[in-house]
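Listing of final_35.cif, mmCIF, C-alpha atoms
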```
data_start
#
loop_
_atom_site.label_atom_id
_atom_site.label_comp_id
_atom_site.auth_asym_id
_atom_site.auth_seq_id
_atom_site.Cartn_x
_atom_site.Cartn_y
_atom_site.Cartn_z
CA MET D 22 9.66 -11.99 17.13
CA THR D 23 12.07 -9.67 15.35
CA ILE D 24 14.49 -6.94 16.41
CA HIS D 25 14.59 -3.99 14.00
CA LEU D 26 17.65 -1.73 14.02
CA ILE D 27 17.00 1.75 12.67
CA SER D 28 19.41 4.63 12.20
CA TYR D 29 18.24 8.24 12.04
CA ARG D 30 19.47 11.85 12.05
CA PRO D 31 18.65 13.81 15.23
CA ILE D 32 18.08 17.56 15.33
CA ILE D 33 21.73 18.16 16.28
CA HIS D 34 22.94 16.51 13.06
CA ASN D 35 23.86 19.95 11.68
CA LYS D 36 24.84 23.32 13.11
CA LYS D 37 21.46 24.93 12.44
CA GLY D 38 19.66 22.15 14.26
CA SER D 39 22.06 22.34 17.18
CA ASN D 40 21.39 26.07 17.50
CA VAL D 41 17.63 25.50 17.36
CA ALA D 42 17.83 22.83 20.06
CA GLN D 43 19.93 25.01 22.32
CA SER D 44 17.85 28.17 21.91
CA ASN D 45 14.53 26.37 22.44
CA SER D 46 15.62 23.91 25.16
CA ILE D 47 14.88 20.96 22.86
CA HIS D 48 16.35 17.54 23.62
CA ASN D 49 19.42 16.87 21.48
CA TYR D 50 18.27 13.56 20.05
CA VAL D 51 14.71 14.25 18.96
CA TYR D 52 14.03 13.67 15.28
CA ASN D 53 14.48 16.80 13.16
CA SER D 54 11.10 17.28 11.52
CA ILE D 55 7.77 19.03 11.92
CA ARG D 56 6.41 15.48 12.28
CA ARG D 57 8.82 13.79 14.70
CA GLU D 58 9.35 10.22 13.45
CA PRO D 59 9.14 8.76 16.00
CA ASP D 60 8.06 11.36 18.53
CA PHE D 61 10.30 10.21 21.37
CA GLU D 62 8.98 12.88 23.72
CA LYS D 63 5.54 11.27 23.94
CA PRO D 64 4.87 8.43 26.44
CA LEU D 65 3.82 5.98 23.70
CA PRO D 66 5.75 6.89 20.53
CA GLY D 67 4.39 5.81 17.18
CA ILE D 68 6.10 4.66 14.01
CA SER D 69 4.59 5.48 10.62
CA SER D 70 5.71 5.69 7.00
CA LEU D 71 6.11 9.47 6.97
CA CYS D 72 9.89 9.33 6.97
CA ARG D 73 10.83 6.01 5.36
CA ASN D 74 7.82 5.60 3.11
CA GLY D 75 6.92 1.99 3.80
CA GLN D 76 10.37 0.65 4.66
CA VAL D 77 9.65 0.19 8.38
CA ALA D 78 6.08 0.50 9.69
CA PRO D 79 4.44 -2.12 7.41
CA HIS D 80 7.04 -4.69 8.53
CA LEU D 81 6.43 -4.33 12.27
CA LYS D 82 4.31 -6.73 14.33
CA VAL D 83 3.09 -6.74 17.92
CA GLY D 84 5.89 -8.02 20.14
CA ASP D 85 8.72 -6.87 17.87
CA THR D 86 11.53 -4.78 19.33
CA VAL D 87 12.60 -1.57 17.60
CA VAL D 88 16.02 -0.05 18.31
CA TYR D 89 16.81 3.52 17.23
CA MET D 90 20.42 4.60 16.85
CA ARG D 91 21.77 7.98 15.93
CA ILE D 92 23.39 7.81 12.49
CA ASN D 93 27.09 7.02 12.26
CA GLY D 94 29.48 9.97 12.42
CA ARG D 95 32.37 11.73 14.10
CA HIS D 96 31.08 15.27 14.18
CA TYR D 97 28.69 14.90 17.13
CA GLN D 98 31.48 14.51 19.67
CA THR D 99 35.24 14.81 19.92
CA LEU D 100 35.77 11.05 19.55
CA LYS D 101 38.05 10.15 16.65
CA GLU D 102 36.39 6.81 15.93
CA HIS D 103 33.10 6.60 14.03
CA HIS D 104 30.29 5.76 16.36
CA ARG D 105 26.53 5.68 16.85
CA CYS D 106 24.45 6.28 19.95
CA LEU D 107 21.74 4.05 21.40
CA VAL D 108 18.79 6.40 21.72
CA ALA D 109 15.68 4.25 22.08
CA VAL D 110 14.59 0.64 22.56
CA MET D 111 10.85 0.04 22.21
CA GLU D 112 8.35 -2.80 22.01
CA VAL D 113 5.54 -2.78 19.46
CA ILE D 114 2.25 -2.99 21.38
CA HIS D 115 -0.38 -2.03 18.75
CA VAL D 116 -0.54 -2.00 14.95
CA PHE D 117 -3.36 0.14 13.56
CA GLN D 118 -4.72 0.18 10.04
CA ASP D 119 -4.38 3.94 9.72
CA HIS D 120 -3.53 7.19 11.50
CA LYS D 121 -7.17 8.09 12.18
CA ILE D 122 -7.80 4.94 14.19
CA ALA D 123 -4.53 5.36 16.07
CA ALA D 124 -5.35 8.99 16.90
CA ALA D 125 -8.76 7.98 18.25
CA CYS D 126 -7.16 5.36 20.51
CA TYR D 127 -4.62 7.86 21.83
CA GLN D 128 -7.39 10.34 22.58
CA GLN D 129 -9.65 7.75 24.24
CA SER D 130 -6.76 6.68 26.45
CA GLY D 131 -6.00 10.26 27.45
CA ILE D 132 -2.51 10.01 25.98
CA VAL D 133 -1.01 12.90 24.00
CA THR D 134 -0.99 12.06 20.29
CA PRO D 135 2.52 12.02 18.73
CA TYR D 136 3.24 14.60 16.05
CA ASN D 137 3.73 11.94 13.39
CA CYS D 138 0.14 10.72 13.74
CA ILE D 139 -1.64 12.73 11.06
CA ASN D 140 -5.22 13.85 11.69
CA LYS D 141 -7.10 17.13 11.53
CA ASN D 142 -6.74 17.74 15.27
CA ASN D 143 -2.99 17.20 15.34
CA PRO D 144 -1.12 19.93 13.44
CA PRO D 145 2.63 19.67 12.81
CA LEU D 146 5.28 21.39 14.88
CA ASP D 147 6.13 24.98 14.08
CA SER D 148 9.22 25.19 11.88
CA GLN D 149 11.12 27.15 14.56
CA TYR D 150 11.43 23.90 16.52
CA THR D 151 13.20 22.12 13.65
CA ALA D 152 16.15 22.84 11.37
CA MET D 153 13.78 23.05 8.40
CA ASP D 154 13.10 26.32 6.60
CA SER D 155 9.63 27.48 5.53
CA LYS D 156 9.97 26.08 2.00
CA GLU D 157 11.02 22.67 3.31
CA VAL D 158 8.11 22.70 5.77
CA ARG D 159 5.50 23.26 3.06
CA TYR D 160 6.92 20.49 0.91
CA ALA D 161 7.39 18.13 3.86
CA GLU D 162 3.82 18.41 5.17
CA ALA D 163 2.33 17.76 1.74
CA GLU D 164 4.63 14.76 1.29
CA TYR D 165 3.84 13.42 4.77
CA ILE D 166 0.11 13.53 4.10
CA LYS D 167 0.65 11.71 0.81
CA ARG D 168 2.75 9.01 2.45
CA SER D 169 0.26 8.53 5.29
CA ARG D 170 -2.28 7.56 2.65
CA GLN D 171 0.04 5.38 0.57
CA ASN D 172 1.22 3.38 3.60
CA SER D 173 -1.37 4.05 6.26
CA GLN D 174 -0.23 1.67 9.03
CA TYR D 175 0.49 3.31 12.38
CA VAL D 176 2.46 1.37 14.98
CA VAL D 177 2.31 2.26 18.68
CA CYS D 178 5.32 1.41 20.84
CA LYS D 179 6.15 1.24 24.53
CA PRO D 180 9.70 2.29 25.46
CA PHE D 181 11.81 -0.09 27.53
CA ALA D 182 12.77 1.16 30.99
CA GLY D 183 15.46 3.82 30.78
CA TYR D 184 14.64 4.79 27.19
CA PRO D 185 14.56 6.93 25.21
CA GLU D 186 17.72 8.74 26.22
CA LEU D 187 17.50 12.07 24.41
CA ASN D 188 20.44 13.97 25.85
CA SER D 189 23.33 11.63 26.68
CA PRO D 190 22.80 8.26 24.99
CA SER D 191 25.45 5.53 25.22
CA TYR D 192 28.03 5.21 22.45
CA LEU D 193 27.89 2.25 20.07
CA PHE D 194 30.97 1.48 17.99
CA ASP D 195 30.97 -0.53 14.77
CA ARG D 196 33.35 -3.08 16.28
CA ASP D 197 30.81 -3.84 19.00
CA LEU D 198 27.88 -4.19 16.63
CA ASN D 199 29.94 -6.27 14.21
CA GLN D 200 30.59 -8.83 16.93
CA ILE D 201 26.89 -9.09 17.70
CA LEU D 202 25.35 -8.93 14.23
CA MET D 203 27.86 -9.77 11.51
CA PRO D 204 31.07 -11.30 12.95
CA LYS D 205 32.77 -11.77 9.58
CA LYS D 206 31.38 -8.83 7.67
CA LYS D 207 31.58 -5.07 7.88
CA LEU D 208 28.51 -3.56 9.50
CA PHE D 209 26.34 -1.58 7.10
CA LEU D 210 23.04 -0.03 8.08
CA ARG D 211 20.84 1.95 5.72
CA GLY D 212 17.69 2.86 7.58
CA ARG D 213 16.58 -0.57 8.81
CA ARG D 214 18.04 -3.97 9.53
CA LYS D 215 16.14 -6.85 11.10
CA ILE D 216 17.31 -9.72 13.27
CA THR D 217 15.04 -12.69 13.83
CA GLN D 218 15.20 -13.99 17.37
CA LYS D 219 15.66 -17.72 17.80
CA ASN D 220 13.61 -19.54 20.42
#
```
Just give me the structure as structure tokens.
Amino acid sequence: MTIHLISYRPIIHNKKGSNVAQSNSIHNYVYNSIRREPDFEKPLPGISSLCRNGQVAPHLKVGDTVVYMRINGRHYQTLKEHHRCLVAVMEVIHVFQDHKIAAACYQQSGIVTPYNCINKNNPPLDSQYTAMDSKEVRYAEAEYIKRSRQNSQYVVCKPFAGYPELNSPSYLFDRDLNQILMPKKKLFLRGRRKITQKN
């Protein structure tokens, strides 16, 4: 089994997004897109290739653990030291061939389909709930549809108890992660890093 570490930008990454979150009572650490990737607000979030275009979803297998951390930065809080936040820890429970099959399984189970699962009965979020403008929305939806066809896998996950934490996630400092992952090297994450668990 493998642990996948993934960094992402939440809706509060910029001032516009922070204002949108505050005015619409949106959780601070949801993904900023019309197709939340993943959609942490759903009971069984899914991971696709809409955002990272094949860098994550095709590499996931049932039983893997996926850890989502808010991207490194100082500007989210008043802390002087660069830090991340531990937002979600999830286990992969299903890997589907495409979005259509995944959507059918969600519907048959009576579970709300995440926004990043593309099908004709699941439109994207309205732009007012993101920090994207109308031009970005039109481009993004067309690109998302394209990517869902290029890398069609859709991975369903079950959050670990206590996650996701979308308002006040715990801080993670580079010094802590360096000790765990790369004791003699500087930590560097660009989207995804995997750790193979030893039996």
>> the PyMOL selection byres ((chain D and resi 161-175) around 7) - which residues does that actually catch in the file I just gave you? List them as a ChimeraX atom specification.
In response: /D:67-71,74-75,78-79,116-120,123,157-160,176-177
Could you put an axis-aligned box around every listed atom of range 118-132 of chain D, padded by 3 Å on each side, and send me its centre and edge lengths in Å to one decimal, as lines of an AutoDock Vina configuration file?
```
center_x = -6.1
center_y = 5.3
center_z = 18.6
size_x = 13.1
size_y = 16.2
size_z = 23.7
```
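Evaluated against the shown file, the PyMOL selection byres ((chain D and resi 92) around 6) gives Ser28, Tyr29, Arg30, Arg91, Asn93 and Arg105 of chain D.
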> Distance CA of Pro144 in chain D-CA of Leu26 in chain D, one decimal place?
Replying inline: 28.7 Å
> Selected by the PyMOL selection byres ((chain D and resi 146) around 10) in the shown coordinates: which residues, as a PyMOL selection string?
Replying inline: chain D and resi 54-57+136-137+143-145+147-151+158
>> Using Å and a single decimal, report how far CA of Ile47 in chain D sits from CA of Ile139 in chain D.
In response: 21.9 Å
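Here CA of Val77 in chain D and CA of Tyr127 in chain D stand 21.1 Å from one another.
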> Residues at most 9 Å from Val110 in chain D, counting all atoms listed in the file, excluding those fewer than 4 positions away in the same chain, as a PyMOL selection string?
Replying inline: chain D and resi 86-89+179-185
> List as a PyMOL selection string: which residues have an atom within 9 Å of (17.5, 14.5, 20.3), counting all atoms listed in the file?
Replying inline: chain D and resi 30-33+42+47-53+61+91+108+186-188
>> Residues proximal to (-3.7, -1.3, 25.7) were defined as those with any atom within 9 Å of that point in the file's coordinates, counting all atoms listed in the file. Which are they, as a count of residues only?
In response: 3
>> Restricting the calculation to all atoms listed in the file: of D:Ile132, D:Ile27, D:Val41, D:Met22, which residue gets closest to Met90 in chain D?
In response: D:Ile27
